[in-house]
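Peer 1: I am attaching a structure below and will ask some questions about it afterwards.
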Amino acid sequence: MRKHIVAGNWKMNNDLVQTQSLITELKKQSQTSDAEVMIAPTFTNLSAAFEALKGLEIEVIAQNMHFAESGAYTGEVSAEMLKSVGVQTVILGHSERRAYFNETDELLAKKVDAALANKMRVIFCFGEELADRKSDKHESIVENQIKKALFHLKASAFEQIVLAYEPVWAIGTGETASPEQAQDMHAFIRETLAKKYGQETANSVSILYGGSVKPGNAKEIFSKPDVDGGLIGGAALKAEDFYAIVNAF
Ligand code: 13P
């Protein structure tokens, strides 16, 4: 069965001291839901986050990685390196990586392969831009993003994959997809998976929604049958808000 997951994507926020103090605040919160909880600090603070979290069931995950094992890729971080500090899950394909760092579906397919080869779990992000939705192309855009980066995989690979639908127009804008828009897209994504891999595989994959999820709207979004959790940006930077979302299940 698929799991409920709430992951905080801290993006390029929080230096070392801020990372430690946000984790101190997270430790004061209590969890009442069954969701798996994850936080994604920046690379430089991954080890400190593990250290600070000791004893708490929050998984520390990475925001990105390179596809190569090692070599002349200045400024990049490999799966091996992430694993060596204890990271087992990586976010790939975030729209900010696609928009600002030219990450293409083809490149993302290579990154997914590298993560899976290293037995890491992938939170694979995708989503349409506002113009795509206005011109009613949102489903075909999302379908293509998924197909190009993931459909070369075997069904069994989906045991290691979590999908995250993040409409670009809802990220950091305060505007969310309505619960119905999220549900419709998540159902479409599951149907797309089912056509290729069968219903059983499709039903087993967690599909997260991301884009201006806040304590005030999380419950309604998470109540939809195909929404299995959230990828949280801004609201993950405040411990109380983050746990209000975690406990919205
Ligand atoms: P916001 O929650 O700030 O809109 O960010 C969403 C996101 O990009 C998570 O990866």
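By convention here, the chains of the structure tokens are called A, B, ... in the order presented, each chain's residues are numbered starting at 1, and ligands are numbered starting at 1 in the order presented.
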With the cut-off set at 7 Å and counting only C-alpha atoms and all ligand atoms, tabulate each residue of chain A with an atom at most that distance from an atom of ligand 1, showing the nearest atom pair and its distance in Å to one decimal, ordered by chain and increasing number, as a tab-separated table.
Peer 2:
residue	atom	partner	partner_atom_place_in_ligand_line	distance
A:Asn9	CA	ligand 1	10 (O)	5.1
A:His94	CA	ligand 1	10 (O)	6.6
A:Glu166	CA	ligand 1	8 (O)	6.8
A:Ala170	CA	ligand 1	4 (O)	6.0
A:Ile171	CA	ligand 1	4 (O)	3.5
A:Gly172	CA	ligand 1	4 (O)	3.5
A:Thr173	CA	ligand 1	4 (O)	6.2
A:Gly174	CA	ligand 1	4 (O)	6.6
A:Gly210	CA	ligand 1	6 (C)	4.9
A:Gly211	CA	ligand 1	4 (O)	3.8
A:Ser212	CA	ligand 1	4 (O)	3.5
A:Val213	CA	ligand 1	2 (O)	5.2
A:Leu231	CA	ligand 1	9 (C)	4.8
A:Ile232	CA	ligand 1	2 (O)	4.3
A:Gly233	CA	ligand 1	5 (O)	3.4
A:Gly234	CA	ligand 1	3 (O)	3.7
A:Ala235	CA	ligand 1	2 (O)	6.0
Peer 1: Quick one: pick out all alpha helix (DSSP H) residues within region 21-192 of chain A from a backbone DSSP run and write them as a PyMOL selection string.
Peer 2: chain A and resi 21-27+46-53+79-84+95-100+105-117+130-134+138-150+179-192
Peer 1: Enter the distance from CA of Ala62 (chain A) to CA of Ile91 (chain A), in Å, rounded to one decimal.
Peer 2: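 The value is 6.1 Å.
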Peer 1: Residues near region 11-24 of chain A, anyone? I mean within 9 Å using only C-alpha atoms, not counting same-chain ones fewer than 6 positions away, as a ChimeraX atom specification.
Peer 2: /A:40-42,44-45,48-49,52-53,63,233-234,237-239
Peer 1: Please save C-alpha atoms of the selected residues as a PDB file, in the first residue's frame.
Peer 2:
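Output (again_10.pdb):
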ATOM      1  CA  ALA A  40      15.483  18.438   2.618  1.00  0.00           C
ATOM      2  CA  PRO A  41      18.126  20.886   3.861  1.00  0.00           C
ATOM      3  CA  THR A  42      20.811  22.171   1.553  1.00  0.00           C
ATOM      4  CA  THR A  44      26.164  21.626   3.296  1.00  0.00           C
ATOM      5  CA  ASN A  45      23.814  20.989   6.219  1.00  0.00           C
ATOM      6  CA  ALA A  48      24.335  18.529  10.736  1.00  0.00           C
ATOM      7  CA  ALA A  49      20.654  17.751  10.195  1.00  0.00           C
ATOM      8  CA  ALA A  52      20.545  17.338  15.249  1.00  0.00           C
ATOM      9  CA  LEU A  53      17.657  14.977  14.534  1.00  0.00           C
ATOM     10  CA  GLN A  63      17.274  18.344  -3.018  1.00  0.00           C
ATOM     11  CA  GLY A 233       8.269  24.814   0.455  1.00  0.00           C
ATOM     12  CA  GLY A 234       7.662  28.038   2.390  1.00  0.00           C
ATOM     13  CA  LEU A 237      10.461  26.707   7.209  1.00  0.00           C
ATOM     14  CA  LYS A 238       8.272  27.166  10.303  1.00  0.00           C
ATOM     15  CA  ALA A 239       8.104  24.162  12.598  1.00  0.00           C
TER      16      ALA A 239
END
Peer 1: Write out as a ChimeraX atom specification which residues come within 6 Å of Phe67 (chain A) when counting only C-alpha atoms, dropping same-chain ones fewer than 2 positions away.
Peer 2: /A:110-111,114
Peer 1: When you draw a straight line from CA of Val112 (chain A) to CA of Asn203 (chain A), how long is it in Å?
Peer 2: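 Separation of CA of Val112 (chain A) and CA of Asn203 (chain A): 20.6 Å.
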Peer 1: Between A:Ala157, A:Ala187, A:Val37, A:Ile245, which is the closest to Lys214 (chain A) once you count only C-alpha atoms?
Peer 2: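 Among the listed residues, A:Ile245 lies closest to Lys214 (chain A).
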Peer 1: To test your reading of the structure, identify every residue in region 27-81 of chain A that backbone DSSP assigns to strand (DSSP E), and report it as a ChimeraX atom specification.
Peer 2: /A:36-40,59-60
Peer 1: Could you dump the residues just selected with N, CA, C and O atoms as a PDB file, in the first residue's frame?
Peer 2:
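Contents of selection37.pdb, as written:
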ATOM      1  N   GLU A  36       4.786   9.757   6.764  1.00  0.00           N
ATOM      2  CA  GLU A  36       6.257   9.735   6.827  1.00  0.00           C
ATOM      3  C   GLU A  36       6.704  11.179   6.681  1.00  0.00           C
ATOM      4  O   GLU A  36       6.228  11.865   5.768  1.00  0.00           O
ATOM      5  N   VAL A  37       7.610  11.626   7.522  1.00  0.00           N
ATOM      6  CA  VAL A  37       8.031  13.029   7.497  1.00  0.00           C
ATOM      7  C   VAL A  37       9.478  13.114   7.015  1.00  0.00           C
ATOM      8  O   VAL A  37      10.336  12.336   7.446  1.00  0.00           O
ATOM      9  N   MET A  38       9.723  14.051   6.109  1.00  0.00           N
ATOM     10  CA  MET A  38      11.080  14.235   5.564  1.00  0.00           C
ATOM     11  C   MET A  38      11.407  15.714   5.511  1.00  0.00           C
ATOM     12  O   MET A  38      10.506  16.538   5.323  1.00  0.00           O
ATOM     13  N   ILE A  39      12.684  16.023   5.647  1.00  0.00           N
ATOM     14  CA  ILE A  39      13.138  17.392   5.397  1.00  0.00           C
ATOM     15  C   ILE A  39      14.332  17.347   4.450  1.00  0.00           C
ATOM     16  O   ILE A  39      15.157  16.439   4.512  1.00  0.00           O
ATOM     17  N   ALA A  40      14.389  18.353   3.587  1.00  0.00           N
ATOM     18  CA  ALA A  40      15.483  18.438   2.618  1.00  0.00           C
ATOM     19  C   ALA A  40      16.261  19.735   2.820  1.00  0.00           C
ATOM     20  O   ALA A  40      15.954  20.756   2.203  1.00  0.00           O
ATOM     21  N   GLU A  59      13.102  11.807   8.181  1.00  0.00           N
ATOM     22  CA  GLU A  59      14.166  11.412   7.252  1.00  0.00           C
ATOM     23  C   GLU A  59      14.799  12.658   6.636  1.00  0.00           C
ATOM     24  O   GLU A  59      14.086  13.574   6.215  1.00  0.00           O
ATOM     25  N   VAL A  60      16.111  12.668   6.591  1.00  0.00           N
ATOM     26  CA  VAL A  60      16.823  13.767   5.939  1.00  0.00           C
ATOM     27  C   VAL A  60      17.074  13.373   4.486  1.00  0.00           C
ATOM     28  O   VAL A  60      17.658  12.319   4.213  1.00  0.00           O
TER      29      VAL A  60
END
Peer 1: For region 161-217 of chain A versus region 128-144 of chain A, which residues have an atom no more than 8 Å away, and what is each residue's nearest atom pair and distance in Å rounded to one decimal, using only C-alpha atoms, chain-then-number order, as CSV?
Peer 2:
residue,atom,partner,partner_atom,distance
A:Glu166,CA,A:Glu128,CA,7.7
A:Pro167,CA,A:Glu128,CA,5.1
A:Val168,CA,A:Glu129,CA,5.0
A:Trp169,CA,A:Leu130,CA,5.2
A:Met185,CA,A:Glu139,CA,7.2
A:Phe188,CA,A:Glu139,CA,7.5
A:Ile189,CA,A:Glu143,CA,7.2
A:Thr192,CA,A:Glu143,CA,7.1
Peer 1: Let's have the selection written as a PDB file, in the first residue's frame, with N, CA and C atoms.
Peer 2:
ATOM      1  N   GLU A 166       3.734  19.275  -8.973  1.00  0.00           N
ATOM      2  CA  GLU A 166       3.875  20.654  -8.503  1.00  0.00           C
ATOM      3  C   GLU A 166       3.603  21.603  -9.668  1.00  0.00           C
ATOM      4  N   PRO A 167       2.357  22.078  -9.775  1.00  0.00           N
ATOM      5  CA  PRO A 167       2.087  23.045 -10.855  1.00  0.00           C
ATOM      6  C   PRO A 167       2.927  24.298 -10.636  1.00  0.00           C
ATOM      7  N   VAL A 168       3.680  24.696 -11.657  1.00  0.00           N
ATOM      8  CA  VAL A 168       4.655  25.784 -11.501  1.00  0.00           C
ATOM      9  C   VAL A 168       3.969  27.068 -11.035  1.00  0.00           C
ATOM     10  N   TRP A 169       2.767  27.294 -11.493  1.00  0.00           N
ATOM     11  CA  TRP A 169       2.033  28.519 -11.155  1.00  0.00           C
ATOM     12  C   TRP A 169       1.600  28.560  -9.693  1.00  0.00           C
ATOM     13  N   MET A 185      -5.745  15.894 -11.455  1.00  0.00           N
ATOM     14  CA  MET A 185      -4.428  15.622 -12.023  1.00  0.00           C
ATOM     15  C   MET A 185      -3.821  14.347 -11.423  1.00  0.00           C
ATOM     16  N   PHE A 188      -5.338  11.435 -13.006  1.00  0.00           N
ATOM     17  CA  PHE A 188      -4.815  11.306 -14.371  1.00  0.00           C
ATOM     18  C   PHE A 188      -3.415  10.665 -14.358  1.00  0.00           C
ATOM     19  N   ILE A 189      -2.590  11.099 -13.405  1.00  0.00           N
ATOM     20  CA  ILE A 189      -1.228  10.553 -13.285  1.00  0.00           C
ATOM     21  C   ILE A 189      -1.304   9.049 -12.968  1.00  0.00           C
ATOM     22  N   THR A 192      -2.310   7.204 -16.012  1.00  0.00           N
ATOM     23  CA  THR A 192      -1.183   7.130 -16.955  1.00  0.00           C
ATOM     24  C   THR A 192      -0.232   6.001 -16.537  1.00  0.00           C
TER      25      THR A 192
END
Peer 1: Do a neighbour search on Glu76 (chain A) at 10 Å with only C-alpha atoms, toss out local chain neighbours closer than 6 positions, and write the hits as a PyMOL selection string.
Peer 2: chain A and resi 64-68+70
Peer 1: Take CA of Ala218 (chain A) and CA of Ala164 (chain A) and report the distance between them in Å, one decimal.
Peer 2: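 Those two atoms sit 15.1 Å apart.
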